[in-house]
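Chemist: Here it is: the structure, laid out below.
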Amino acid sequence: FRRRGHEVALVSLTEPGAYVDELRSLGISVHSLDMRHRASDILALTRLGRLVRSWRPDVLHAHMFHAVLLSRVVRLWTRVPVLVSTTHNFAPESQVRATLYRVTDGLSTITTNVSLAGTAKYVASGAVPRGRMVTFPNGIPVQDTASGAEARRSKREELGLDGAFTWLAVGRLEAPKDYPTLLRGIDGLLRLGSESRFLVVGEGSESPRVMELHERLGGLQGRVTFLGSRRDVPELMSASDGYVMSSCSEGLPLVLLEASAAGLPIVATDVGG
């Protein structure tokens with residue numbers, strides 16, 4: 001959008017922890033509503049309304065439940081020519097959310113979802129009237145991986161993987177990603193005699209629980225490596241032999257598209273799009 005001459009600004013519900021410097025270096029302003037908890041509060045609503053009145057944007061694009069509700073309500077007293085509401089998940093997490101989506105639907109110009117399966121589920125749940133949700137599948141730029149052999153060798157050497165078949169998992173350490181199920185699956189696989197290694201990329205509020213289970217299972221030390229937050233995921237995919245995703249809730253995960261583009265075989269839970 002910036003390259004095409006548009007003015008772009010970003011609003012985060014909470015204090016943003018990544019990419020702020022990169023965005024600002026591109027001339028994109030970044031603001032926070034400073035929400036202290038997941039429930040929408042009146043202060044966040046006031047801050048968003050003030051920002052919208054100040055910018056007077058032509059298009060307001062809201063992603064996910066809390067941002068969508070805040071943006072729809074703000075439209076009651078501020079001028080927003082176009083409001084696009086986007087959902088990334090497979091279906092509303094509760095009937096309460098489905099009801100809130102439905103009763104505020106008229107305040108949105110259009111609602112989009114990242115997968116056909118997600119769109120069908122939202123309509124079936126009554127969250128969105130038929131014809132009011134459009135599917136825009138997630139997409140990624142596909143990199144040329146033809147020259148990745150040296151990068152793979154170098155990264156595997158850096159991580160001490162030797163010749164072991166290596167699985168990669170990338171995602172926030174939060175409940176929907178269900179890392180405990182992944183660790184129990186790894187434990188079962190190792191008990192069958194597998195010599196595989198596992199790399200886990202991500203951070204989150206579930207870290208203490210995941211680490212405690214990792215210690216308690218006992219046989220995972222030296223076989224599962226937690227790498228934290230990383231900026232070299234493409235290189236890690238190049239160094240890996242397979243990708244694994246244990247999520248209990250998803251939409252259309254970008255990371256699965258990236259793993260596919262990297263040519264990795266994938267083992268994933270049957271959720272989402």
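For the structure tokens, the naming scheme is as follows: chains receive sequential letters (A, B, ...) according to their order of presentation, residues are indexed from 1 within each chain, and ligands are indexed from 1 in presentation order.
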I want to know what sits within 8 Å of Arg132 of chain A, based on only C-alpha atoms, with residues of the same chain fewer than 3 positions away left out; could you give that as a list in words?
Modeler: Ile110, Thr111, Val128 and Pro129 of chain A
Chemist: Tell me which protein, DNA and RNA residues are within 6 Å of Phe198 of chain A, counting only C-alpha atoms, leaving out same-chain ones fewer than 4 positions away, and put them as an mmCIF file with all heavy atoms, in the first residue's frame.
Modeler:
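Okay, out-v5.cif is ready:
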```
data_model
loop_
_atom_site.group_PDB
_atom_site.id
_atom_site.type_symbol
_atom_site.label_atom_id
_atom_site.label_comp_id
_atom_site.auth_asym_id
_atom_site.auth_seq_id
_atom_site.Cartn_x
_atom_site.Cartn_y
_atom_site.Cartn_z
ATOM 1 N N THR A 166 14.790 -34.306 11.176
ATOM 2 C CA THR A 166 14.424 -33.186 12.050
ATOM 3 C C THR A 166 13.042 -32.641 11.709
ATOM 4 O O THR A 166 12.767 -32.292 10.557
ATOM 5 C CB THR A 166 15.474 -32.062 11.936
ATOM 6 O OG1 THR A 166 16.759 -32.578 12.311
ATOM 7 C CG2 THR A 166 15.106 -30.897 12.850
ATOM 8 N N TRP A 167 12.188 -32.567 12.741
ATOM 9 C CA TRP A 167 10.852 -31.986 12.619
ATOM 10 C C TRP A 167 10.872 -30.554 13.144
ATOM 11 O O TRP A 167 11.536 -30.254 14.127
ATOM 12 C CB TRP A 167 9.840 -32.788 13.428
ATOM 13 C CG TRP A 167 9.585 -34.165 12.911
ATOM 14 C CD1 TRP A 167 10.222 -35.320 13.286
ATOM 15 C CD2 TRP A 167 8.621 -34.547 11.919
ATOM 16 N NE1 TRP A 167 9.718 -36.385 12.588
ATOM 17 C CE2 TRP A 167 8.723 -35.945 11.749
ATOM 18 C CE3 TRP A 167 7.677 -33.845 11.179
ATOM 19 C CZ2 TRP A 167 7.923 -36.652 10.864
ATOM 20 C CZ3 TRP A 167 6.870 -34.528 10.298
ATOM 21 C CH2 TRP A 167 6.994 -35.926 10.139
ATOM 22 N N LEU A 168 10.098 -29.695 12.496
ATOM 23 C CA LEU A 168 10.003 -28.293 12.914
ATOM 24 C C LEU A 168 8.556 -27.957 13.256
ATOM 25 O O LEU A 168 7.626 -28.365 12.551
ATOM 26 C CB LEU A 168 10.486 -27.375 11.780
ATOM 27 C CG LEU A 168 10.348 -25.863 12.002
ATOM 28 C CD1 LEU A 168 11.296 -25.392 13.107
ATOM 29 C CD2 LEU A 168 10.633 -25.101 10.699
ATOM 30 N N VAL A 224 14.350 -32.495 21.921
ATOM 31 C CA VAL A 224 13.474 -31.357 21.622
ATOM 32 C C VAL A 224 14.214 -30.079 21.994
ATOM 33 O O VAL A 224 14.654 -29.917 23.140
ATOM 34 C CB VAL A 224 12.146 -31.433 22.398
ATOM 35 C CG1 VAL A 224 11.266 -30.225 22.065
ATOM 36 C CG2 VAL A 224 11.415 -32.731 22.080
#
```
Chemist: Can you check which residues of segment 46-106 of chain A DSSP gives as strand (DSSP E or B) on the backbone and send them as a PyMOL selection string?
Modeler: chain A and resi 59-63+82-87
Chemist: May I have the residues from that selection written out with N, CA, C and O atoms, as a tab-separated table (two decimals), in the first residue's frame?
Modeler:
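Writing the result to again39.tsv gives the following:
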```
chain	number	residue	atom	x	y	z
A	59	VAL	N	-10.52	3.63	4.62
A	59	VAL	CA	-10.81	2.23	4.90
A	59	VAL	C	-10.25	1.89	6.28
A	59	VAL	O	-9.09	2.18	6.58
A	60	LEU	N	-11.09	1.28	7.10
A	60	LEU	CA	-10.64	0.72	8.37
A	60	LEU	C	-10.75	-0.80	8.24
A	60	LEU	O	-11.80	-1.31	7.90
A	61	HIS	N	-9.64	-1.49	8.49
A	61	HIS	CA	-9.59	-2.94	8.30
A	61	HIS	C	-9.30	-3.58	9.66
A	61	HIS	O	-8.20	-3.42	10.19
A	62	ALA	N	-10.27	-4.29	10.21
A	62	ALA	CA	-10.15	-4.87	11.55
A	62	ALA	C	-9.95	-6.37	11.47
A	62	ALA	O	-10.67	-7.07	10.75
A	63	HIS	N	-8.96	-6.87	12.22
A	63	HIS	CA	-8.64	-8.30	12.22
A	63	HIS	C	-8.96	-8.93	13.56
A	63	HIS	O	-8.46	-8.49	14.59
A	82	VAL	N	-15.56	2.87	4.71
A	82	VAL	CA	-15.52	1.43	4.48
A	82	VAL	C	-14.91	0.73	5.69
A	82	VAL	O	-13.82	1.09	6.13
A	83	LEU	N	-15.61	-0.26	6.22
A	83	LEU	CA	-15.09	-1.08	7.31
A	83	LEU	C	-15.07	-2.54	6.85
A	83	LEU	O	-16.10	-3.12	6.56
A	84	VAL	N	-13.87	-3.10	6.79
A	84	VAL	CA	-13.69	-4.51	6.44
A	84	VAL	C	-13.36	-5.28	7.72
A	84	VAL	O	-12.40	-4.95	8.41
A	85	SER	N	-14.17	-6.28	8.03
A	85	SER	CA	-13.92	-7.12	9.20
A	85	SER	C	-13.34	-8.45	8.71
A	85	SER	O	-13.93	-9.09	7.84
A	86	THR	N	-12.21	-8.86	9.28
A	86	THR	CA	-11.57	-10.10	8.86
A	86	THR	C	-11.45	-11.08	10.02
A	86	THR	O	-11.01	-10.71	11.10
A	87	THR	N	-11.86	-12.32	9.78
A	87	THR	CA	-11.69	-13.38	10.76
A	87	THR	C	-10.67	-14.39	10.23
A	87	THR	O	-10.67	-14.71	9.05
```
Chemist: List the spatial neighbours of Thr225 of chain A as a ChimeraX atom specification - criterion: any atom at most 12 Å away, only C-alpha atoms, same-chain residues fewer than 6 positions off excluded.
Modeler: /A:159-161,166-170,183,196-202,211,214
Chemist: Could you tell me how far atom CA of Gly273 of chain A sits from atom CA of Gly106 of chain A, in Å to one decimal place?
Modeler: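 These atoms are spaced 25.7 Å apart.
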Chemist: How many Å separate atom CA of Thr135 of chain A from atom CA of Val68 of chain A?
Modeler: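 The value is 16.5 Å.
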Chemist: Would you pick out the contacts of Ile186 of chain A at 10 Å or less, using only C-alpha atoms, so that residues sharing its chain but fewer than 3 positions from it are not included, and give the list as a VMD selection string?
Modeler: chain A and resid 180 to 183 189 to 192 194 196 to 198 217 219 to 220 223 to 224
Chemist: Which one of A:Ser154, A:Ser249, A:Gln95, A:Thr104 sits closest to Ala124 of chain A if you count only C-alpha atoms?
Modeler: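 Closest to Ala124 of chain A, using only C-alpha atoms: A:Gln95.
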Chemist: Leaving out Ser29 of chain A and any residue of its chain fewer than 3 positions from it, which residues lie within 12 Å of it when counting only C-alpha atoms, given as a VMD selection string?
Modeler: chain A and resid 2 7 to 12 19 to 26 32 51 55
Chemist: Can you list, as a list in words, every protein, DNA or RNA residue that comes within 10 Å of Gly148 of chain A when you count only C-alpha atoms, leaving out same-chain residues fewer than 3 positions away?
Modeler: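 My list of contacting residues is Asp144, Thr145, Ala151, Arg152, Arg153, Ser154, Pro234, Glu235, Ser238, Ala239 and Ala262 of chain A.
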Chemist: So that I can see what lies close to Leu257 of chain A, please list as number ranges by chain the residues with an atom at most 12 Å from it, counting only C-alpha atoms and leaving out residues fewer than 6 positions away in the same chain.
Modeler: A: 137-143, 234, 237, 243, 263-266, 273
Chemist: Where does DSSP see alpha helix (DSSP H) in segment 227-267 of chain A, if you list the residues as a VMD selection string?
Modeler: chain A and resid 233 to 239 254 to 261
Chemist: Report, in Å to a single decimal, how far apart atom CA of Glu158 of chain A and atom CA of Gly242 of chain A are.
Modeler: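 Interatomic distance here is 18.2 Å.
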Chemist: Which one is closest to Val114 of chain A: A:Ala164, A:Thr269, A:Ser240, A:Asn89? Count only C-alpha atoms.
Modeler: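 Counting only C-alpha atoms, the residue closest to Val114 of chain A is A:Asn89.
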